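Below is one structure; the comments refer to it alone.
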Amino acid sequence: MNKILKLTVVLFLICAVVAAVLGGVNEVTKGPIETQQREKTETAYKAVLPNADSFTELDRSSYADLKTIDKISAADNGAGHVVETTFSGAQGSITMAVGVDENYRCAGISIIKHSETSGLGEVAASASARGESFRSSFIGKDESISINDIDAITGATITSKAVTGAVAASIEAVKALG
Amino acid sequence: MNIKKQFSEGLVTNNPVLVQQIGMCATMAITTSLFNGLGMGLSVLIILTCCNVVVSLIRKIIPEEIRLAIFVVVIAGFVTIVDLLLQAFIPALSAALGVFIPLIVVNCIIIGRAEAFCQKNTVGASFFDGVFQGLGYTVVLLIMSIVRELLGKGTFGGGLIDVSNGLRFTLDGSGAGIKIFSGEYGAKILTMPFGGFLTLGVLIAAMQYALKRSAKKKELAAKAEAEKKEVTE
Amino acid sequence: MLFNIISISLGAILINNFIFSQFLGCCPFLGCSNKTDTAFGMGVAVIFVMGMASAICWLIDTYILVPLGLAFLETLAFILIIAALVQLVEMFLKKSVPSLYSALGIYLPLITTNCAVLGVVLLNVQNHYNFIESVVYGITGGIGFLLAIVLFASVRERVQFADYPECFEGFPICLVSAALVALAFMGFSGMQVF
């Protein structure tokens with residue numbers, strides 16, 4: 001019994017020391033991590049809604065029944081809204097930011113996270129000219145958008161369709177806010 | 001245990017991936033660009049060295065029965081530190097490696113070295129063991145990344161090197177790499193899971209071939225030596 | 001809700017199979033796939049532990065770590081929970097279900113260092129899954145592992161009789177055959193629940 005007690009105490013002490021060290025490191029890195037994340041969201045949002053200055057996240061209860069919508073943020077100067085949405089692409093889920101302007105038209109899209117096939121669906125998110133042209137073909141479209149209205153990517157119909165559907169759903173979500 | 005021997009063991013004769021055949025998951029998963037490969041390799045190198053030193057420091061005071069639990073706690077501690085630091089200062093790398101950074105905890109290389117080496121050796125020897133085994137791991141990741149990136153996407157140094165405005169190293173993973181040939185002609189399959197398994201398989205086969213050949217050479221040399229002796233006698 | 005669960009299950013078993021598309025759990029996958037029945041035992045043990053670990057780690061993360069602002073201790077806490085869980089399961093099975101213990105016994109300790117288990121728990125947190133989704137993801141991820149390892153074991157049994165270059169002996173030929181099985185699994189990509 002004494003032995004078990006000793007082992008427990010030793011293990012507990014080591015855990016405590018490790019946890020304390022981690023706490024210290026966490027204190028140091030907490031600030032930079034937060035800044036990084038905020039800056040990242042801010043730049044991503046501004047890229048899809050260029051006329052906005054800063055953003056305020058809306059309360060989840062105003063769109064609680066929309067499962068694919070993660071977040072909606074309103075531009076503080078009334079330039080529109082940015083919707084963060086997660087939906088399934090060809091290989092897994094895609095997370096995307098959609099800018100919706102005050103006339104309920106798409107102001108830009110940006111793919112934040114995806115696991116699409118490299119060279120096919122991945123092009124939709126890539127920085128290449130092809131990806132740029134795919135994404136900018138959404139600008140100015142409203143919720144009636146279909147795959148025929150955009151510059152769809154050859155060989156990545158599923159990805160193109162999924163993105164189109166998500167853009168339409170995002171615009172509808174913003175419209176529903178009133 | 002001298003340093004030179006440890007060096008060649010870590011990099012070649014007892015290489016963690018190619019010879020001990022451990023720590024495969026991350027090796028196959030993240031080696032799609034030089035940026036990821038180098039980042040993962042260096043993270044493991046740092047964690048392995050720190051863990052080796054700490055484990056060999058405390059090797060005499062920890063009770064035998066719970067040593068594995070203690071190793072795991074120490075490893076998890078260092079992994080979390082590296083994870084937090086990456087998130088704070090190199091977020092692009094942290095995003096690219098994703099769940100594979102915390103998964104270093106269960107990377108058999110680290111617990112394997114703690115159990116097999118640091119328990120019995122001095123702090124100095126454990127330190128060098130960590131550095132060289134980590135280097136061995138990094139070298140394999142680099143070879144894998146370079147091969148898969150070059151053949152799969154036609155670039156070299158993706159994420160790490162940017163040549164659009166003169167040669168520049170990018171630490172935020174934004175560089176497009178040096179274009180060797182157009183990505184359209186790349187064997188994209190190599191950047192997918194299939195390519196991970198295949199590249200590692202061929203790499204280990206090449207290693208076995210080389211080791212076998214050098215062993216055969218030695219054998220032949222020894223034989224010749226023995227024959228020579230016989231003749232002179 | 002049901003839609004979510006079906007799409008998570010399908011993803012975990014086929015489309016984003018833990019081994020063939022996420023490379024989680026490769027060590028036991030390559031180590032324990034010599035024979036089909038050992039592979040099956042390992043797979044069942046993994047389903048069991050992954051389901052349990054998902055549930056317990058989710059509860060601890062949501063009700064203890066996050067409210068206390070200790071999210072940075074997740075990795076450390078999870079690995080300890082998994083190790084303790086494996087020990088407990090082993091002790092429990094030994095006493096109460098000896099038949100199952102003798103079938104799974106030798107695989108249980110190996111599971112602690114199976115990165116698929118820690119991986120599934122971390123992915124649950126990363127994907128913000130709720131309790132039910134986490135458990136479903138854990139169990140179906142395990143089923144995906146079982147499917148992969150059993151399929152691969154049968155492939156390996158055939159490969160033994162194949163004629164391949166000498167230097168591919170052992171691990172390399174295994175990896176090359178795994179590559180081909182992964183290629184087959186790529187056929188599932190693009191499958192979707194609408």
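Each chain of the structure tokens is named A, B, ... in the order shown, its residues numbered from 1; ligands are numbered from 1 in display order.
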Restrict the calculation to only C-alpha atoms, then for each residue of chain B with any atom at most 7 Å from an atom of chain A give the closest atom pair and their distance in Å to one decimal, rows by chain and rising residue number, as JSON lines.
{"residue": "B:Ile70", "atom": "CA", "partner": "A:Leu11", "partner_atom": "CA", "distance": 6.6}
{"residue": "B:Val73", "atom": "CA", "partner": "A:Cys15", "partner_atom": "CA", "distance": 6.6}
{"residue": "B:Val74", "atom": "CA", "partner": "A:Val18", "partner_atom": "CA", "distance": 6.9}
{"residue": "B:Gly77", "atom": "CA", "partner": "A:Val18", "partner_atom": "CA", "distance": 5.8}
{"residue": "B:Ile81", "atom": "CA", "partner": "A:Leu22", "partner_atom": "CA", "distance": 6.5}
{"residue": "B:Leu84", "atom": "CA", "partner": "A:Thr29", "partner_atom": "CA", "distance": 6.4}
{"residue": "B:Leu85", "atom": "CA", "partner": "A:Thr29", "partner_atom": "CA", "distance": 6.4}
{"residue": "B:Gln87", "atom": "CA", "partner": "A:Ile33", "partner_atom": "CA", "distance": 6.1}
{"residue": "B:Ala88", "atom": "CA", "partner": "A:Ile33", "partner_atom": "CA", "distance": 4.4}
{"residue": "B:Lys188", "atom": "CA", "partner": "A:Ser118", "partner_atom": "CA", "distance": 6.9}
Would you export the selected residues with N, CA and C atoms as a PDB file, in the first residue's frame, please?
ATOM      1  N   ILE B  70       5.660   8.265 -16.722  1.00  0.00           N
ATOM      2  CA  ILE B  70       6.408   9.512 -16.549  1.00  0.00           C
ATOM      3  C   ILE B  70       6.994   9.981 -17.876  1.00  0.00           C
ATOM      4  N   VAL B  73       4.314  11.662 -19.816  1.00  0.00           N
ATOM      5  CA  VAL B  73       3.992  13.001 -19.309  1.00  0.00           C
ATOM      6  C   VAL B  73       5.050  14.011 -19.761  1.00  0.00           C
ATOM      7  N   VAL B  74       6.325  13.622 -19.638  1.00  0.00           N
ATOM      8  CA  VAL B  74       7.406  14.527 -20.044  1.00  0.00           C
ATOM      9  C   VAL B  74       7.296  14.843 -21.536  1.00  0.00           C
ATOM     10  N   GLY B  77       4.464  17.072 -22.332  1.00  0.00           N
ATOM     11  CA  GLY B  77       4.794  18.436 -21.926  1.00  0.00           C
ATOM     12  C   GLY B  77       5.566  19.162 -23.011  1.00  0.00           C
ATOM     13  N   ILE B  81       4.527  22.361 -25.483  1.00  0.00           N
ATOM     14  CA  ILE B  81       5.291  23.611 -25.549  1.00  0.00           C
ATOM     15  C   ILE B  81       5.571  23.972 -27.007  1.00  0.00           C
ATOM     16  N   LEU B  84       2.389  25.094 -28.791  1.00  0.00           N
ATOM     17  CA  LEU B  84       1.974  26.465 -28.452  1.00  0.00           C
ATOM     18  C   LEU B  84       2.884  27.489 -29.121  1.00  0.00           C
ATOM     19  N   LEU B  85       4.202  27.208 -29.106  1.00  0.00           N
ATOM     20  CA  LEU B  85       5.140  28.157 -29.702  1.00  0.00           C
ATOM     21  C   LEU B  85       4.890  28.283 -31.202  1.00  0.00           C
ATOM     22  N   GLN B  87       2.054  27.705 -32.794  1.00  0.00           N
ATOM     23  CA  GLN B  87       0.797  28.425 -33.003  1.00  0.00           C
ATOM     24  C   GLN B  87       1.004  29.920 -32.872  1.00  0.00           C
ATOM     25  N   ALA B  88       1.885  30.298 -31.931  1.00  0.00           N
ATOM     26  CA  ALA B  88       2.060  31.720 -31.668  1.00  0.00           C
ATOM     27  C   ALA B  88       2.959  32.383 -32.693  1.00  0.00           C
ATOM     28  N   LYS B 188       0.317  13.854 -59.882  1.00  0.00           N
ATOM     29  CA  LYS B 188      -0.360  14.359 -58.682  1.00  0.00           C
ATOM     30  C   LYS B 188      -0.611  13.278 -57.663  1.00  0.00           C
TER      31      LYS B 188
END
Who sits within 8 Å of Val53 of chain B, only C-alpha atoms, same chain under 6 positions skipped, as a count of residues only: 5
d(atom CA of Ile189 of chain B, atom CA of Leu180 of chain C) in Å: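 Spanning atom CA of Ile189 of chain B to atom CA of Leu180 of chain C is a straight-line distance of 11.4 Å.
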Hey, which bits of chain B sit within 7 Å of chain C, and for each residue what's the closest pair of atoms and how far apart in Å (one decimal), counting only C-alpha atoms, rows by chain and increasing number, as JSON lines?
{"residue": "B:Met24", "atom": "CA", "partner": "C:Cys26", "partner_atom": "CA", "distance": 6.6}
{"residue": "B:Cys25", "atom": "CA", "partner": "C:Phe23", "partner_atom": "CA", "distance": 5.2}
{"residue": "B:Met28", "atom": "CA", "partner": "C:Phe23", "partner_atom": "CA", "distance": 6.9}
{"residue": "B:Ala29", "atom": "CA", "partner": "C:Phe23", "partner_atom": "CA", "distance": 5.7}
{"residue": "B:Val73", "atom": "CA", "partner": "C:Leu76", "partner_atom": "CA", "distance": 6.6}
{"residue": "B:Ala76", "atom": "CA", "partner": "C:Leu76", "partner_atom": "CA", "distance": 5.2}
{"residue": "B:Gly77", "atom": "CA", "partner": "C:Leu76", "partner_atom": "CA", "distance": 6.7}
{"residue": "B:Thr80", "atom": "CA", "partner": "C:Thr75", "partner_atom": "CA", "distance": 6.9}
{"residue": "B:Val99", "atom": "CA", "partner": "C:Leu122", "partner_atom": "CA", "distance": 6.9}
{"residue": "B:Pro102", "atom": "CA", "partner": "C:Thr75", "partner_atom": "CA", "distance": 6.3}
{"residue": "B:Leu103", "atom": "CA", "partner": "C:Cys115", "partner_atom": "CA", "distance": 6.5}
{"residue": "B:Val106", "atom": "CA", "partner": "C:Thr113", "partner_atom": "CA", "distance": 5.2}
{"residue": "B:Pro193", "atom": "CA", "partner": "C:Ser21", "partner_atom": "CA", "distance": 5.6}
{"residue": "B:Phe194", "atom": "CA", "partner": "C:Ala179", "partner_atom": "CA", "distance": 4.6}
{"residue": "B:Gly195", "atom": "CA", "partner": "C:Ala179", "partner_atom": "CA", "distance": 7.0}
{"residue": "B:Phe197", "atom": "CA", "partner": "C:Ala179", "partner_atom": "CA", "distance": 4.9}
{"residue": "B:Leu198", "atom": "CA", "partner": "C:Val176", "partner_atom": "CA", "distance": 5.1}
{"residue": "B:Gly201", "atom": "CA", "partner": "C:Pro172", "partner_atom": "CA", "distance": 4.1}
{"residue": "B:Val202", "atom": "CA", "partner": "C:Pro172", "partner_atom": "CA", "distance": 6.3}
{"residue": "B:Ile204", "atom": "CA", "partner": "C:Pro172", "partner_atom": "CA", "distance": 5.8}
{"residue": "B:Ala205", "atom": "CA", "partner": "C:Phe168", "partner_atom": "CA", "distance": 4.9}
{"residue": "B:Gln208", "atom": "CA", "partner": "C:Cys167", "partner_atom": "CA", "distance": 5.7}
{"residue": "B:Tyr209", "atom": "CA", "partner": "C:Cys167", "partner_atom": "CA", "distance": 5.1}
Residue neighbourhood segment 4-18 of chain B, 9 Å, only C-alpha atoms, exclusion window fewer than 6 positions, as a VMD selection string: chain B and resid 24 27 109 125 128 to 137 139 to 140 200 203 to 205 207 to 208 211
Which of chain C fall in alpha helix (DSSP H), as a VMD selection string: chain C and resid 2 to 10 26 to 31 36 to 60 74 to 96 98 to 104 108 to 111 115 to 126 131 to 159 171 to 185
Within 10 Å of Ala47 of chain A using only C-alpha atoms, minus same-chain residues under 3 positions, as a list of chain:residue names: A:Thr41, A:Glu42, A:Thr43, A:Ala44, A:Pro50, A:Asn51, A:Ala52, A:Ala97, A:Val98, A:Gly99, A:Ala107, A:Gly108, A:Ile109, A:Ser110
Just N, CA and C atoms for this one: save the residues we selected as a PDB file, in the first residue's frame.
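Full text of again.pdb as output:
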ATOM      1  N   THR A  41      -8.519  36.308 -39.239  1.00  0.00           N
ATOM      2  CA  THR A  41      -9.947  36.443 -39.561  1.00  0.00           C
ATOM      3  C   THR A  41     -10.209  37.794 -40.202  1.00  0.00           C
ATOM      4  N   GLU A  42      -9.638  38.846 -39.604  1.00  0.00           N
ATOM      5  CA  GLU A  42      -9.880  40.200 -40.100  1.00  0.00           C
ATOM      6  C   GLU A  42      -9.455  40.331 -41.565  1.00  0.00           C
ATOM      7  N   THR A  43      -8.237  39.844 -41.886  1.00  0.00           N
ATOM      8  CA  THR A  43      -7.776  39.960 -43.280  1.00  0.00           C
ATOM      9  C   THR A  43      -8.636  39.104 -44.199  1.00  0.00           C
ATOM     10  N   ALA A  44      -8.995  37.896 -43.716  1.00  0.00           N
ATOM     11  CA  ALA A  44      -9.824  37.020 -44.557  1.00  0.00           C
ATOM     12  C   ALA A  44     -11.167  37.677 -44.826  1.00  0.00           C
ATOM     13  N   PRO A  50     -14.600  43.963 -49.334  1.00  0.00           N
ATOM     14  CA  PRO A  50     -13.560  45.008 -49.339  1.00  0.00           C
ATOM     15  C   PRO A  50     -14.017  46.346 -48.754  1.00  0.00           C
ATOM     16  N   ASN A  51     -15.319  46.651 -48.796  1.00  0.00           N
ATOM     17  CA  ASN A  51     -15.771  47.966 -48.338  1.00  0.00           C
ATOM     18  C   ASN A  51     -15.911  48.059 -46.821  1.00  0.00           C
ATOM     19  N   ALA A  52     -15.758  46.933 -46.124  1.00  0.00           N
ATOM     20  CA  ALA A  52     -15.975  46.947 -44.681  1.00  0.00           C
ATOM     21  C   ALA A  52     -14.737  47.459 -43.954  1.00  0.00           C
ATOM     22  N   ALA A  97     -15.351  31.626 -46.235  1.00  0.00           N
ATOM     23  CA  ALA A  97     -15.942  32.898 -45.849  1.00  0.00           C
ATOM     24  C   ALA A  97     -16.591  33.507 -47.088  1.00  0.00           C
ATOM     25  N   VAL A  98     -17.837  33.942 -46.949  1.00  0.00           N
ATOM     26  CA  VAL A  98     -18.551  34.552 -48.077  1.00  0.00           C
ATOM     27  C   VAL A  98     -18.923  35.977 -47.686  1.00  0.00           C
ATOM     28  N   GLY A  99     -18.537  36.939 -48.507  1.00  0.00           N
ATOM     29  CA  GLY A  99     -18.923  38.319 -48.262  1.00  0.00           C
ATOM     30  C   GLY A  99     -20.239  38.600 -48.977  1.00  0.00           C
ATOM     31  N   ALA A 107     -19.937  39.491 -52.541  1.00  0.00           N
ATOM     32  CA  ALA A 107     -18.867  40.459 -52.729  1.00  0.00           C
ATOM     33  C   ALA A 107     -17.512  39.776 -52.831  1.00  0.00           C
ATOM     34  N   GLY A 108     -17.482  38.484 -52.620  1.00  0.00           N
ATOM     35  CA  GLY A 108     -16.210  37.759 -52.701  1.00  0.00           C
ATOM     36  C   GLY A 108     -16.255  36.517 -51.831  1.00  0.00           C
ATOM     37  N   ILE A 109     -15.442  35.515 -52.186  1.00  0.00           N
ATOM     38  CA  ILE A 109     -15.377  34.316 -51.345  1.00  0.00           C
ATOM     39  C   ILE A 109     -13.923  33.975 -51.093  1.00  0.00           C
ATOM     40  N   SER A 110     -13.684  33.287 -49.982  1.00  0.00           N
ATOM     41  CA  SER A 110     -12.328  32.862 -49.669  1.00  0.00           C
ATOM     42  C   SER A 110     -12.412  31.527 -48.942  1.00  0.00           C
TER      43      SER A 110
END
Interatomic distance (Å, one decimal) between atom CA of Gly121 of chain A and atom CA of Lys153 of chain B: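 If I compute the distance from atom CA of Gly121 of chain A to atom CA of Lys153 of chain B, I get 14.8 Å.
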Nearest residue to Ile94 of chain A from the set A:Cys106, A:Ala64, A:Val163, A:Val48 (distances using only C-alpha atoms):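 Once distances to Ile94 of chain A are computed over only C-alpha atoms, the minimum belongs to A:Val163.
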Distance of atom CA of Ala75 of chain A from atom CA of Lys175 of chain A, expressed in Å to one decimal place: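 Atom-to-atom, atom CA of Lys175 of chain A to atom CA of Ala75 of chain A, that is 14.8 Å.
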Among the residues A:Ile171, A:Leu13, A:Leu58, A:Val100, the one that comes closest to Ala79 of chain A [using only C-alpha atoms]: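 Result for the nearest residue to Ala79 of chain A: A:Val100.
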